[in-house]
Structure formats: C-alpha cells, structure tokens
>>> print(open('my_file30.txt').read())   # compact mmCIF, C-alpha atoms
# COMPACT_ATOMS: atom_id res chain seq x y z
CA MET A 65 0.00 0.00 0.00
CA TYR A 66 2.89 2.35 0.77
CA ARG A 67 3.94 1.97 -2.86
CA LEU A 68 1.07 4.27 -3.83
CA GLY A 69 2.68 7.04 -1.80
CA VAL A 70 6.13 6.33 -3.18
CA GLY A 71 4.65 6.45 -6.69
CA LEU A 72 3.17 9.86 -5.97
CA VAL A 73 6.50 11.15 -4.70
CA TRP A 74 8.13 9.95 -7.90
CA LEU A 75 5.39 11.59 -9.93
CA TYR A 76 6.27 14.84 -8.16
CA ARG A 77 9.97 14.27 -8.77
CA VAL A 78 9.72 13.79 -12.51
CA THR A 79 7.27 16.66 -13.01
CA TRP A 80 7.41 19.59 -10.63
CA GLY A 81 10.69 18.65 -8.99
CA ALA A 82 12.38 18.53 -12.37
CA LEU A 83 10.83 21.77 -13.56
CA PHE A 84 11.77 23.74 -10.50
CA PRO A 85 15.01 22.20 -9.42
CA THR A 86 15.79 23.43 -5.97
CA THR A 87 18.02 21.87 -3.42
CA CYS A 88 16.23 21.05 -0.20
CA LYS A 89 17.68 22.49 2.99
CA TYR A 90 17.42 19.15 4.70
CA HIS A 91 19.31 15.96 4.14
CA PRO A 92 17.81 13.66 3.03
CA SER A 93 15.66 15.94 0.88
CA CYS A 94 11.94 16.17 1.55
CA SER A 95 11.05 13.79 -1.27
CA GLN A 96 13.64 11.24 -0.18
CA TYR A 97 12.47 11.63 3.40
CA ALA A 98 8.90 10.97 2.25
CA ILE A 99 9.97 7.79 0.45
CA ASP A 100 11.97 6.59 3.47
CA ALA A 101 9.11 7.38 5.82
CA LEU A 102 6.56 5.57 3.63
CA ARG A 103 8.82 2.52 3.40
CA GLU A 104 9.54 2.37 7.11
CA LYS A 105 6.28 3.50 8.66
CA GLY A 106 3.66 2.61 6.07
CA LEU A 107 1.24 4.79 4.14
CA VAL A 108 -0.60 6.56 6.95
CA ARG A 109 2.19 7.29 9.39
CA GLY A 110 4.67 7.79 6.56
CA SER A 111 2.44 10.39 4.91
CA ALA A 112 1.95 12.16 8.22
CA LEU A 113 5.71 12.25 8.82
CA ALA A 114 6.34 13.50 5.29
CA GLY A 115 3.70 16.20 5.71
CA TRP A 116 5.23 17.32 8.97
CA ARG A 117 8.65 17.44 7.36
CA LEU A 118 7.31 19.62 4.54
CA LEU A 119 5.91 22.03 7.10
CA ARG A 120 9.27 22.10 8.82
CA CYS A 121 10.99 22.81 5.52
CA ASN A 122 10.16 26.51 5.69
CA PRO A 123 12.44 29.53 5.55
CA TRP A 124 12.48 29.85 9.34
CA SER A 125 13.81 26.41 10.05
CA ARG A 126 17.49 25.61 10.11
CA GLY A 127 17.52 22.56 7.89
CA GLY A 128 20.29 20.04 8.15
CA PHE A 129 20.69 16.33 8.63
CA ASP A 130 17.30 14.87 9.50
CA PRO A 131 16.66 11.21 8.62
CA VAL A 132 13.50 9.24 9.39
CA ARG A 133 13.75 7.78 12.86
CA MET B 287 -7.83 8.89 -5.48
CA MET B 288 -8.96 10.76 -8.57
CA LEU B 289 -12.39 11.29 -7.00
CA PHE B 290 -10.63 13.09 -4.22
CA VAL B 291 -8.45 15.24 -6.48
CA ILE B 292 -10.94 16.39 -9.14
CA PRO B 293 -13.14 18.58 -6.88
CA ILE B 294 -10.04 20.30 -5.50
CA ILE B 295 -8.77 21.06 -8.99
CA SER B 296 -12.13 22.39 -10.15
CA GLN B 297 -12.31 24.60 -7.05
CA LEU B 298 -8.83 25.93 -7.76
CA GLU B 299 -9.77 26.53 -11.37
CA THR B 300 -12.82 28.52 -10.29
CA VAL B 301 -10.73 30.66 -7.96
CA MET B 302 -8.20 31.32 -10.71
CA ARG B 303 -10.95 32.23 -13.16
CA HIS B 304 -12.35 34.73 -10.66
CA VAL B 305 -8.91 36.25 -10.16
CA LEU B 306 -8.32 36.61 -13.90
CA ASN B 307 -11.82 37.99 -14.40
CA TRP B 308 -11.22 40.53 -11.68
CA PHE B 309 -7.99 41.77 -13.24
CA HIS B 310 -9.62 41.88 -16.66
CA GLY B 311 -13.02 43.24 -15.66
CA THR B 312 -12.19 45.60 -12.81
CA LEU B 313 -8.71 46.77 -13.68
CA HIS B 314 -9.34 46.53 -17.44
CA LEU B 315 -6.13 44.66 -18.06
CA PRO B 316 -5.93 42.55 -21.22
CA TRP B 317 -6.16 38.81 -20.49
CA ALA B 318 -2.46 38.20 -20.98
CA TRP B 319 -1.55 40.99 -18.60
CA SER B 320 -4.04 39.61 -16.09
CA ILE B 321 -1.92 36.47 -15.99
CA VAL B 322 1.21 38.57 -15.48
CA ALA B 323 -0.53 40.48 -12.69
CA THR B 324 -1.64 37.25 -11.01
CA THR B 325 1.92 35.98 -11.13
CA VAL B 326 3.21 39.18 -9.61
CA VAL B 327 0.66 38.97 -6.79
CA VAL B 328 1.68 35.38 -6.05
CA ARG B 329 5.34 36.33 -6.00
CA VAL B 330 4.72 39.36 -3.80
CA LEU B 331 3.03 37.04 -1.31
CA LEU B 332 6.09 34.82 -1.41
CA VAL B 333 8.61 37.64 -0.94
CA PRO B 334 9.07 37.17 2.83
CA LEU B 335 9.87 33.54 2.20
CA THR B 336 12.37 34.01 -0.60
CA VAL B 337 14.28 37.04 0.66
CA ARG B 338 15.58 35.12 3.66
CA GLN B 339 16.82 32.49 1.27
CA ILE B 340 18.83 34.90 -0.81
CA HIS B 341 20.37 36.42 2.27
CA SER B 342 21.38 33.01 3.48
CA MET B 343 22.98 32.28 0.14
CA GLN B 344 24.99 35.47 0.33
CA ASN B 345 26.46 34.47 3.64
CA LEU B 346 27.62 31.23 2.14
CA GLN B 347 30.60 32.83 0.47
CA ARG B 348 32.33 33.40 3.79
CA PHE B 349 32.42 29.68 4.41
CA ALA B 350 33.71 28.67 1.00
CA PRO B 351 37.16 27.52 2.22
CA GLN B 352 35.75 25.27 4.96
CA MET B 353 33.16 23.85 2.63
CA LYS B 354 35.74 23.06 -0.02
CA GLU B 355 37.70 21.26 2.67
CA ILE B 356 34.71 19.07 3.53
CA GLN B 357 34.04 18.36 -0.10
CA LYS B 358 37.63 17.30 -0.60
CA LYS B 359 37.63 15.16 2.51
CA TYR B 360 34.59 13.13 1.49
CA LYS B 361 35.13 13.18 -2.23
CA ALA B 362 34.57 9.45 -2.62
CA ASP B 363 31.32 9.26 -0.67
CA LYS B 364 28.68 11.69 -1.92
CA GLN B 365 26.19 10.66 0.76
CA LYS B 366 28.68 11.27 3.55
CA GLN B 367 29.74 14.53 1.93
CA ASN B 368 26.17 15.77 1.93
CA GLU B 369 25.64 14.80 5.54
CA GLU B 370 28.83 16.53 6.62
CA LEU B 371 27.96 19.65 4.66
CA MET B 372 24.51 19.73 6.27
CA LYS B 373 26.10 19.41 9.70
CA PHE B 374 28.45 22.23 8.85
CA TYR B 375 25.55 24.44 7.73
CA ARG B 376 23.68 23.72 10.93
CA GLU B 377 26.69 24.46 13.11
CA ASN B 378 27.21 27.80 11.41
CA ASN B 379 23.58 28.70 10.97
CA ILE B 380 23.72 28.96 7.23
CA ASN B 381 21.64 27.23 4.69
CA PRO B 382 22.10 27.80 1.01
CA ALA B 383 19.34 25.44 -0.05
CA ALA B 384 15.78 26.55 -0.59
CA SER B 385 13.00 25.25 1.57
CA CYS B 386 10.39 23.11 -0.08
CA LEU B 387 7.30 24.87 1.22
CA PRO B 388 7.40 28.07 -0.90
CA MET B 389 8.00 26.02 -4.01
CA LEU B 390 5.05 23.75 -3.24
CA PHE B 391 2.88 26.80 -2.81
CA GLN B 392 3.17 27.49 -6.51
CA ILE B 393 1.87 24.06 -7.54
CA PRO B 394 -1.83 24.83 -6.93
CA VAL B 395 -1.44 28.20 -8.65
CA PHE B 396 0.12 26.55 -11.65
CA ILE B 397 -2.45 23.74 -11.87
CA SER B 398 -5.37 26.13 -11.54
CA LEU B 399 -3.98 28.37 -14.25
CA TYR B 400 -3.45 25.37 -16.50
CA TYR B 401 -7.06 24.27 -16.20
CA ALA B 402 -8.42 27.79 -16.34
CA LEU B 403 -6.60 28.34 -19.64
CA ARG B 404 -7.64 24.98 -21.04
CA HIS B 405 -11.28 25.85 -20.51
CA PHE B 406 -10.78 29.48 -21.36
CA HIS B 407 -13.49 31.16 -23.43
CA ALA B 408 -12.93 34.86 -23.81
CA PRO B 409 -15.97 36.96 -24.66
CA LYS B 410 -16.15 37.74 -28.37
CA GLY B 411 -14.02 40.64 -29.43
CA SER B 412 -11.86 40.71 -26.31
CA ASP B 413 -8.13 40.77 -26.78
CA VAL B 414 -6.46 37.45 -25.95
CA SER B 415 -3.10 38.27 -27.52
CA PHE B 416 0.09 39.25 -25.81
CA LEU B 417 2.20 42.14 -27.10
CA HIS B 418 0.94 41.38 -30.63
CA PHE B 419 3.23 38.41 -31.11
CA ILE B 420 1.23 35.74 -29.26
CA PRO B 421 -2.21 35.59 -30.89
CA SER B 422 -3.93 33.62 -28.11
CA ILE B 423 -2.92 32.85 -24.55
CA SER B 424 -5.07 29.72 -24.44
CA ALA B 425 -3.69 28.13 -27.63
CA HIS B 426 -0.67 25.81 -27.61
CA THR B 427 2.54 27.76 -27.48
CA THR B 428 3.79 26.38 -30.77
CA THR B 429 0.73 27.25 -32.85
CA HIS B 430 2.29 30.57 -33.87
CA TRP B 431 5.86 31.74 -34.49
CA GLY B 432 5.53 34.13 -31.54
CA GLY B 433 5.27 31.12 -29.26
CA TYR B 434 8.77 30.03 -30.21
CA ILE B 435 10.12 33.39 -29.12
CA LEU B 436 8.29 32.95 -25.84
CA LEU B 437 9.86 29.51 -25.44
CA VAL B 438 13.34 30.91 -26.03
CA VAL B 439 12.66 33.59 -23.43
CA TYR B 440 11.40 30.87 -21.10
CA VAL B 441 14.60 28.82 -21.45
CA LEU B 442 16.81 31.86 -20.88
CA SER B 443 14.77 33.11 -17.91
CA GLN B 444 14.67 29.64 -16.36
CA MET B 445 18.45 29.35 -16.64
CA ALA B 446 18.91 32.79 -15.14
CA SER B 447 16.57 32.07 -12.24
CA THR B 448 18.34 28.77 -11.59
CA LEU B 449 21.55 30.77 -11.27
CA TYR B 450 19.96 32.80 -8.52
CA MET B 451 17.82 30.36 -6.66
CA SER B 452 19.52 26.99 -6.56
CA ALA B 453 22.95 27.81 -5.30
CA THR B 454 24.28 24.35 -4.78
CA ALA B 455 27.86 23.69 -3.91
CA ASP B 456 27.90 20.80 -6.34
CA LYS B 457 28.94 22.00 -9.78
CA THR B 458 27.61 18.96 -11.64
CA GLN B 459 24.22 19.35 -10.03
CA ARG B 460 24.16 22.99 -10.91
CA MET B 461 25.03 22.22 -14.50
CA LEU B 462 22.23 19.66 -14.60
CA PHE B 463 19.77 22.20 -13.24
CA MET B 464 20.87 24.67 -15.88
CA LEU B 465 20.30 22.20 -18.70
CA MET B 466 16.92 21.07 -17.42
CA PRO B 467 14.88 23.74 -19.26
CA LEU B 468 16.35 22.59 -22.56
CA VAL B 469 14.74 19.20 -22.00
CA PHE B 470 11.51 20.53 -20.60
CA VAL B 471 10.94 23.04 -23.33
CA PHE B 472 9.56 20.15 -25.42
CA VAL B 473 6.94 19.40 -22.78
CA ILE B 474 6.12 23.04 -22.22
CA ALA B 475 5.61 23.61 -25.94
CA ARG B 476 2.32 21.70 -25.58
CA PHE B 477 1.09 23.98 -22.79
CA PRO B 478 -1.12 27.03 -23.39
CA ALA B 479 0.93 30.14 -24.12
CA GLY B 480 -0.52 31.86 -21.06
CA LEU B 481 1.05 29.25 -18.83
CA VAL B 482 4.46 29.86 -20.37
CA LEU B 483 3.82 33.53 -19.79
CA TYR B 484 3.24 32.78 -16.11
CA TRP B 485 6.49 30.86 -16.06
CA VAL B 486 8.53 33.55 -17.75
CA THR B 487 7.10 36.18 -15.40
CA THR B 488 7.86 34.17 -12.28
CA ASN B 489 11.40 33.49 -13.50
CA LEU B 490 12.02 37.13 -14.31
CA TRP B 491 10.69 38.03 -10.88
CA THR B 492 13.14 35.60 -9.33
CA VAL B 493 16.02 37.16 -11.24
CA GLY B 494 14.94 40.71 -10.42
CA GLN B 495 14.42 39.89 -6.78
CA GLY B 496 17.83 38.24 -6.64
CA LEU B 497 19.50 41.28 -8.16
CA ILE B 498 17.72 43.74 -5.89
CA THR B 499 18.23 41.87 -2.62
CA ARG B 500 21.87 41.33 -3.44
CA ARG B 501 22.31 45.02 -3.93
CA LEU B 502 20.18 46.26 -1.05
CA MET B 503 21.03 43.80 1.66
CA PRO B 504 24.27 44.54 3.44
CA LYS B 505 26.49 41.53 3.64
CA THR B 506 27.23 42.28 7.26
CA PRO B 507 24.17 42.99 9.41
CA PRO B 508 24.13 46.31 11.31
CA PRO B 509 26.02 46.34 14.61
CA ASP B 510 22.93 46.59 16.83
CA LEU B 511 22.28 42.96 16.04
CA PHE B 512 25.25 42.01 18.18
CA LYS B 513 23.49 43.16 21.32
CA ARG B 514 20.79 40.60 20.99
CA SER B 515 23.18 37.89 20.01
CA SER B 516 24.02 36.72 23.52
CA ARG B 517 20.70 34.98 23.85
CA THR B 518 20.70 31.25 23.57
CA PRO B 519 19.54 30.03 20.18
CA PRO B 520 15.85 29.11 19.99
CA LYS B 521 14.83 25.56 20.57
CA ASP B 522 15.32 23.52 17.47
CA ASP B 523 12.50 22.02 15.47
CA ALA B 524 11.51 18.38 15.77
CA GLY B 525 14.15 17.25 13.31
CA GLY B 526 16.84 19.17 15.06
CA GLY B 527 19.44 17.92 17.39
CA ASN B 528 20.14 14.66 15.72
CA GLY B 529 23.30 14.52 13.75
CA ALA B 530 24.41 17.96 14.75
CA LYS B 531 27.45 17.29 16.80
CA PRO B 532 29.53 20.10 18.24
CA SER B 533 32.05 21.42 15.80
CA THR B 534 35.27 19.50 15.65
CA PRO B 535 38.39 21.46 16.32
CA GLU B 536 40.00 20.39 13.03
CA GLN B 537 37.54 22.32 10.93
CA PRO B 538 38.55 25.84 11.83
CA LYS B 539 42.19 24.78 11.74
CA ALA B 540 41.86 23.45 8.26
CA ALA B 541 40.66 26.81 7.03
CA PRO B 542 43.05 29.65 6.30
CA SER B 543 43.87 31.67 9.38
CA LYS B 544 41.99 34.68 8.08
CA ALA B 545 38.72 32.78 7.94
CA SER B 546 39.21 30.69 11.05
CA GLY B 547 37.81 33.25 13.43
CA GLN B 548 34.75 33.92 11.31
CA PRO B 549 32.34 31.07 12.02
CA ARG B 550 31.79 32.03 15.65
CA ARG B 551 31.23 35.65 14.84
CA VAL B 552 28.88 34.96 11.96
CA ARG B 553 26.98 32.43 14.00
CA ARG B 554 26.03 35.10 16.45
CA LYS B 555 25.08 37.53 13.77
CA LYS B 556 22.95 35.03 11.95
CA GLY B 557 21.40 33.90 15.19
CA ALA B 558 20.35 37.44 15.85
CA ALA B 559 19.16 38.00 12.33
CA ARG B 560 16.98 34.93 12.57
CA ARG B 561 14.94 36.43 15.38
CA ARG B 562 14.24 39.65 13.63
>>> encode(input="my_file30.txt", output="structure tokens")
Amino acid sequence: MYRLGVGLVWLYRVTWGALFPTTCKYHPSCSQYAIDALREKGLVRGSALAGWRLLRCNPWSRGGFDPVR
Amino acid sequence: MMLFVIPIISQLETVMRHVLNWFHGTLHLPWAWSIVATTVVVRVLLVPLTVRQIHSMQNLQRFAPQMKEIQKKYKADKQKQNEELMKFYRENNINPAASCLPMLFQIPVFISLYYALRHFHAPKGSDVSFLHFIPSISAHTTTHWGGYILLVVYVLSQMASTLYMSATADKTQRMLFMLMPLVFVFVIARFPAGLVLYWVTTNLWTVGQGLITRRLMPKTPPPDLFKRSSRTPPKDDAGGGNGAKPSTPEQPKAAPSKASGQPRRVRRKKGAARRR
C-alpha cells in the first residue's frame, strides 16, 4: 500500500521537482524523506511524517541532517 | 484517489478564473496581462519567504574555504559529503538550499492556471493576444511563431533564475539544473501560451528579486544585532538535534587563518538576524 505514496513522490519528482530544481535544505531531501518514511512506517504514518517534514521545511527552520527515525 | 483530487482542482480553477476575471473586468487589463498580474501577486506574497533564502545564500561565500575542505575530505562518498555539509551548515547557521514549502505553494497556482486556460473562453471581441506576437494565450505555445520566441525567453529566464535560486555547492548538479529547461521546453511547448507567460514572469521576478536583494542587503548585518546575540539560540524544530554534533576542532584549523575566526562571529550575527 505504501507503494502508492512512493509512486506519488516519484510523480512529483519527474514533473514539478524537475521543472523547479531546488536543493532542499534538509538531508535527506523532503522527497527522499517521504519515500523513506513511507517505506519504514507505512502509508498513513509515513504520509503524516512527510507532511510534517514539509511544514518544517520553511524559511524559518534551520535545515540540516534529518533522517527518518 | 482521482475522485478526491478532481473537486479540489475544479475549485482551484474557479478561484483562478475569478482572479483573472477581476484583473480583466475591474482593472481593465488585457487577459495576458491579467496572468502577469496574477503571477506578480503570487510572488509578492512569497517575498518574505524568498528574501531570507537569498540572504542566506549570500552568507555562504564566507564559508567557502571550509566547505571546499569538507568536499575534498569526502570526495569518494557523496552521501557522507552531503551529511557533513549539512552538519556544517547547521553548526554555522547557514543554509544555502531553498526550503520546499514556498516552491510547493506554486503548484496549486500553476495547476489552476493550467485548467483555467484549457477551458478558457474569452468573450467575443476581447483581446487574448500578448504584445501582438502571441495571438492567443489559451492556444498551444507552438501554434504561432511568436510562441517560439516565448519559449526561447522561457529557457533563458529559467536558466537565469536557476543561477539565482539553486545555489548548490555541487557543480555537476548545478550544471544539470541549468540544462533542465532545454529538455523541458519540449513538454512546455504543448502547454497554453498563457502558462508559459506565467512561467517567464515568475522566472524574471526571481532574477529581479535576486538582483535587488543582493544590492540592497548589506552583507554584514548592522552592529545593533550584536546586542541581541548573547541569547541562547531558539529551541530547534523536531528534526533538530540529531546529527548535529559540536564542531570539531580540526575544521577551523583546516581553514586559512583569516577565515578561522569567522564562524563564531557569523553564528552570532545570523542567530540574531533569525529572530528579527
């Protein structure tokens, strides 16, 4: 089931991500974090974690090394 | 899934149509210029988010020697190199990379404009051209020779905005980003001309904003910022803490003596600037 989420992340990567190539302030990047989270925590918790990460990836955060735990 | 997405898209499309109608009907702008105006409004809303980014990128130059050192040290292992660079950024309170949120904000705008233009029916006799060389903003870009000019402008503006916005330390990556529009121009050629117009405008805005902030923003913040700098840094976000170990003594040593004293000083300044 988590593959659905991973597929969506890839869809984002090959469309929007490729059109507006920016480097994410976190490592791993938000999209990679989303894929890792989906793989490790499943669709629901993984999506929630990815969403929370996206909210953290704002100009007021510091960024940096932040893997899925 | 689709059942969930379609109502959202149609809502977005309706909002976009209202916005365009407002610019056209109330401000009497031609349709093409209504798109430009919408783009400008979106970008103005995003200004607080992007200006910080540019400032952060400017500060990066001070740390170039240390960063080169890290890159050299972990040349073989890209993953490790990235992690170390991220740790270094965190320790020195710099971050050259953009945050994902502002970029994601533009996705709904873009999608709504795409659908609004696809279903666009201008009232008879109203002007749907742009500067006399694009006959219709809702037609495919390549239906007229003017569209090709627009595409060339798009590629150039995209490259220029990449120069300003995605300052990555990795030269190969940067090169790749620069070449991306050359590939995507073939996809974009199938889009309505108005959408390309949106794109060109947003890119030009990026370039202009980059130029202006670089000129206006002093590279060193005013001295009054030092006063507030003695406060402890704010509590980190949820992702913080992990991986950020205290700076190793080798790093400042590895840098030239002139730069070795800088990280501490800049850390304070940036810390103060962050709370403004």
>>> closest_residue(input="my_file30.txt", among="B:Ile435, B:Leu502, B:Ile393, B:Ala425", to="chain A", atoms="all atoms listed in the file")
B:Ile393
>>> residues_around(input="my_file30.txt", residues="segment 399-414 of chain B", least_positions_apart="4", cutoff="12 Å", atoms="all atoms listed in the file", output="ChimeraX atom specification")
/B:292,294-307,310-311,314-322,324-325,392-395,418-426,474,476-485
>>> write_last_selection(input="my_file30.txt", atoms="C-alpha atoms", output="CSV table (one decimal), keeping the file's coordinate frame")
chain,number,residue,atom,x,y,z
B,292,ILE,CA,-10.9,16.4,-9.1
B,294,ILE,CA,-10.0,20.3,-5.5
B,295,ILE,CA,-8.8,21.1,-9.0
B,296,SER,CA,-12.1,22.4,-10.2
B,297,GLN,CA,-12.3,24.6,-7.0
B,298,LEU,CA,-8.8,25.9,-7.8
B,299,GLU,CA,-9.8,26.5,-11.4
B,300,THR,CA,-12.8,28.5,-10.3
B,301,VAL,CA,-10.7,30.7,-8.0
B,302,MET,CA,-8.2,31.3,-10.7
B,303,ARG,CA,-11.0,32.2,-13.2
B,304,HIS,CA,-12.4,34.7,-10.7
B,305,VAL,CA,-8.9,36.2,-10.2
B,306,LEU,CA,-8.3,36.6,-13.9
B,307,ASN,CA,-11.8,38.0,-14.4
B,310,HIS,CA,-9.6,41.9,-16.7
B,311,GLY,CA,-13.0,43.2,-15.7
B,314,HIS,CA,-9.3,46.5,-17.4
B,315,LEU,CA,-6.1,44.7,-18.1
B,316,PRO,CA,-5.9,42.6,-21.2
B,317,TRP,CA,-6.2,38.8,-20.5
B,318,ALA,CA,-2.5,38.2,-21.0
B,319,TRP,CA,-1.6,41.0,-18.6
B,320,SER,CA,-4.0,39.6,-16.1
B,321,ILE,CA,-1.9,36.5,-16.0
B,322,VAL,CA,1.2,38.6,-15.5
B,324,THR,CA,-1.6,37.2,-11.0
B,325,THR,CA,1.9,36.0,-11.1
B,392,GLN,CA,3.2,27.5,-6.5
B,393,ILE,CA,1.9,24.1,-7.5
B,394,PRO,CA,-1.8,24.8,-6.9
B,395,VAL,CA,-1.4,28.2,-8.6
B,418,HIS,CA,0.9,41.4,-30.6
B,419,PHE,CA,3.2,38.4,-31.1
B,420,ILE,CA,1.2,35.7,-29.3
B,421,PRO,CA,-2.2,35.6,-30.9
B,422,SER,CA,-3.9,33.6,-28.1
B,423,ILE,CA,-2.9,32.8,-24.6
B,424,SER,CA,-5.1,29.7,-24.4
B,425,ALA,CA,-3.7,28.1,-27.6
B,426,HIS,CA,-0.7,25.8,-27.6
B,474,ILE,CA,6.1,23.0,-22.2
B,476,ARG,CA,2.3,21.7,-25.6
B,477,PHE,CA,1.1,24.0,-22.8
B,478,PRO,CA,-1.1,27.0,-23.4
B,479,ALA,CA,0.9,30.1,-24.1
B,480,GLY,CA,-0.5,31.9,-21.1
B,481,LEU,CA,1.0,29.2,-18.8
B,482,VAL,CA,4.5,29.9,-20.4
B,483,LEU,CA,3.8,33.5,-19.8
B,484,TYR,CA,3.2,32.8,-16.1
B,485,TRP,CA,6.5,30.9,-16.1
>>> atom_distance(input="my_file30.txt", atom1="atom CA of Gln344 of chain B", atom2="atom CA of Val493 of chain B")
14.7 Å
>>> closest_residue(input="my_file30.txt", among="B:Leu417, B:Met389, B:Leu437, B:Met343", to="chain A", atoms="only C-alpha atoms")
B:Met389
>>> interface_residues(input="my_file30.txt", of="chain A", to="chain B", cutoff="6 Å", atoms="only C-alpha atoms", output="ChimeraX atom specification")
/A:86-89,121-123,128-130
>>> residues_around(input="my_file30.txt", residues="segment 97-111 of chain A", least_positions_apart="6", cutoff="10 Å", atoms="only C-alpha atoms", output="PDB file with C-alpha atoms, in the frame of the given file")
ATOM      1  CA  MET A  65       0.000   0.000   0.000  1.00  0.00           C
ATOM      2  CA  TYR A  66       2.890   2.350   0.770  1.00  0.00           C
ATOM      3  CA  ARG A  67       3.940   1.970  -2.860  1.00  0.00           C
ATOM      4  CA  LEU A  68       1.070   4.270  -3.830  1.00  0.00           C
ATOM      5  CA  GLY A  69       2.680   7.040  -1.800  1.00  0.00           C
ATOM      6  CA  VAL A  70       6.130   6.330  -3.180  1.00  0.00           C
ATOM      7  CA  GLY A  71       4.650   6.450  -6.690  1.00  0.00           C
ATOM      8  CA  LEU A  72       3.170   9.860  -5.970  1.00  0.00           C
ATOM      9  CA  VAL A  73       6.500  11.150  -4.700  1.00  0.00           C
ATOM     10  CA  TRP A  74       8.130   9.950  -7.900  1.00  0.00           C
ATOM     11  CA  TYR A  90      17.420  19.150   4.700  1.00  0.00           C
ATOM     12  CA  HIS A  91      19.310  15.960   4.140  1.00  0.00           C
ATOM     13  CA  ARG A 117       8.650  17.440   7.360  1.00  0.00           C
ATOM     14  CA  LEU A 118       7.310  19.620   4.540  1.00  0.00           C
ATOM     15  CA  ASP A 130      17.300  14.870   9.500  1.00  0.00           C
ATOM     16  CA  PRO A 131      16.660  11.210   8.620  1.00  0.00           C
ATOM     17  CA  VAL A 132      13.500   9.240   9.390  1.00  0.00           C
ATOM     18  CA  ARG A 133      13.750   7.780  12.860  1.00  0.00           C
TER      19      ARG A 133
END
>>> atom_distance(input="my_file30.txt", atom1="atom CA of Gln357 of chain B", atom2="atom CA of Lys457 of chain B")
11.5 Å
>>> atom_distance(input="my_file30.txt", atom1="atom CA of Leu442 of chain B", atom2="atom CA of Thr499 of chain B")
20.9 Å
>>> axis_aligned_box(input="my_file30.txt", around="segment 311-326 of chain B", padding_each_side="4 Å", output="JSON")
{"center_x": -4.9, "center_y": 41.4, "center_z": -15.4, "size_x": 24.2, "size_y": 18.8, "size_z": 19.6}
>>> closest_residue(input="my_file30.txt", among="A:Gly127, A:Ser95, A:Ala114, A:Arg120", to="Leu75 of chain A", atoms="all atoms listed in the file")
A:Ser95
>>> closest_residue(input="my_file30.txt", among="B:Leu449, B:Val486, B:Val473, B:Leu313", to="Thr428 of chain B", atoms="all atoms listed in the file")
B:Val473
>>> decode(input="my_file30.txt", residues="segment 314-332 of chain B", atoms="N, CA and C atoms", output="JSON list (two decimals), in the first residue's frame")
[["chain", "number", "residue", "atom", "x", "y", "z"],
["B", 314, "HIS", "N", -9.37, 46.38, -15.99],
["B", 314, "HIS", "CA", -9.34, 46.53, -17.44],
["B", 314, "HIS", "C", -7.99, 46.15, -18.05],
["B", 315, "LEU", "N", -7.37, 45.16, -17.47],
["B", 315, "LEU", "CA", -6.13, 44.66, -18.06],
["B", 315, "LEU", "C", -6.50, 43.67, -19.16],
["B", 316, "PRO", "N", -5.70, 43.62, -20.23],
["B", 316, "PRO", "CA", -5.93, 42.55, -21.22],
["B", 316, "PRO", "C", -5.71, 41.19, -20.54],
["B", 317, "TRP", "N", -6.25, 40.13, -21.13],
["B", 317, "TRP", "CA", -6.16, 38.81, -20.49],
["B", 317, "TRP", "C", -4.72, 38.40, -20.19],
["B", 318, "ALA", "N", -3.85, 38.62, -21.17],
["B", 318, "ALA", "CA", -2.46, 38.20, -20.98],
["B", 318, "ALA", "C", -1.82, 38.93, -19.80],
["B", 319, "TRP", "N", -2.14, 40.21, -19.69],
["B", 319, "TRP", "CA", -1.55, 40.99, -18.60],
["B", 319, "TRP", "C", -2.19, 40.65, -17.26],
["B", 320, "SER", "N", -3.42, 40.09, -17.33],
["B", 320, "SER", "CA", -4.04, 39.61, -16.09],
["B", 320, "SER", "C", -3.24, 38.44, -15.53],
["B", 321, "ILE", "N", -2.75, 37.60, -16.44],
["B", 321, "ILE", "CA", -1.92, 36.47, -15.99],
["B", 321, "ILE", "C", -0.64, 37.00, -15.35],
["B", 322, "VAL", "N", -0.03, 37.97, -16.02],
["B", 322, "VAL", "CA", 1.21, 38.57, -15.48],
["B", 322, "VAL", "C", 0.94, 39.16, -14.09],
["B", 323, "ALA", "N", -0.20, 39.86, -13.98],
["B", 323, "ALA", "CA", -0.53, 40.48, -12.69],
["B", 323, "ALA", "C", -0.75, 39.42, -11.60],
["B", 324, "THR", "N", -1.43, 38.33, -11.97],
["B", 324, "THR", "CA", -1.64, 37.25, -11.01],
["B", 324, "THR", "C", -0.31, 36.70, -10.53],
["B", 325, "THR", "N", 0.60, 36.49, -11.49],
["B", 325, "THR", "CA", 1.92, 35.98, -11.13],
["B", 325, "THR", "C", 2.62, 36.91, -10.16],
["B", 326, "VAL", "N", 2.54, 38.20, -10.47],
["B", 326, "VAL", "CA", 3.21, 39.18, -9.61],
["B", 326, "VAL", "C", 2.62, 39.13, -8.20],
["B", 327, "VAL", "N", 1.29, 39.02, -8.11],
["B", 327, "VAL", "CA", 0.66, 38.97, -6.79],
["B", 327, "VAL", "C", 1.16, 37.75, -6.01],
["B", 328, "VAL", "N", 1.20, 36.60, -6.71],
["B", 328, "VAL", "CA", 1.68, 35.38, -6.05],
["B", 328, "VAL", "C", 3.10, 35.57, -5.54],
["B", 329, "ARG", "N", 3.94, 36.16, -6.38],
["B", 329, "ARG", "CA", 5.34, 36.33, -6.00],
["B", 329, "ARG", "C", 5.50, 37.36, -4.88],
["B", 330, "VAL", "N", 4.66, 38.38, -4.89],
["B", 330, "VAL", "CA", 4.72, 39.36, -3.80],
["B", 330, "VAL", "C", 4.39, 38.66, -2.47],
["B", 331, "LEU", "N", 3.39, 37.78, -2.52],
["B", 331, "LEU", "CA", 3.03, 37.04, -1.31],
["B", 331, "LEU", "C", 4.18, 36.17, -0.83],
["B", 332, "LEU", "N", 4.99, 35.73, -1.77],
["B", 332, "LEU", "CA", 6.09, 34.82, -1.41],
["B", 332, "LEU", "C", 7.37, 35.56, -1.02]]
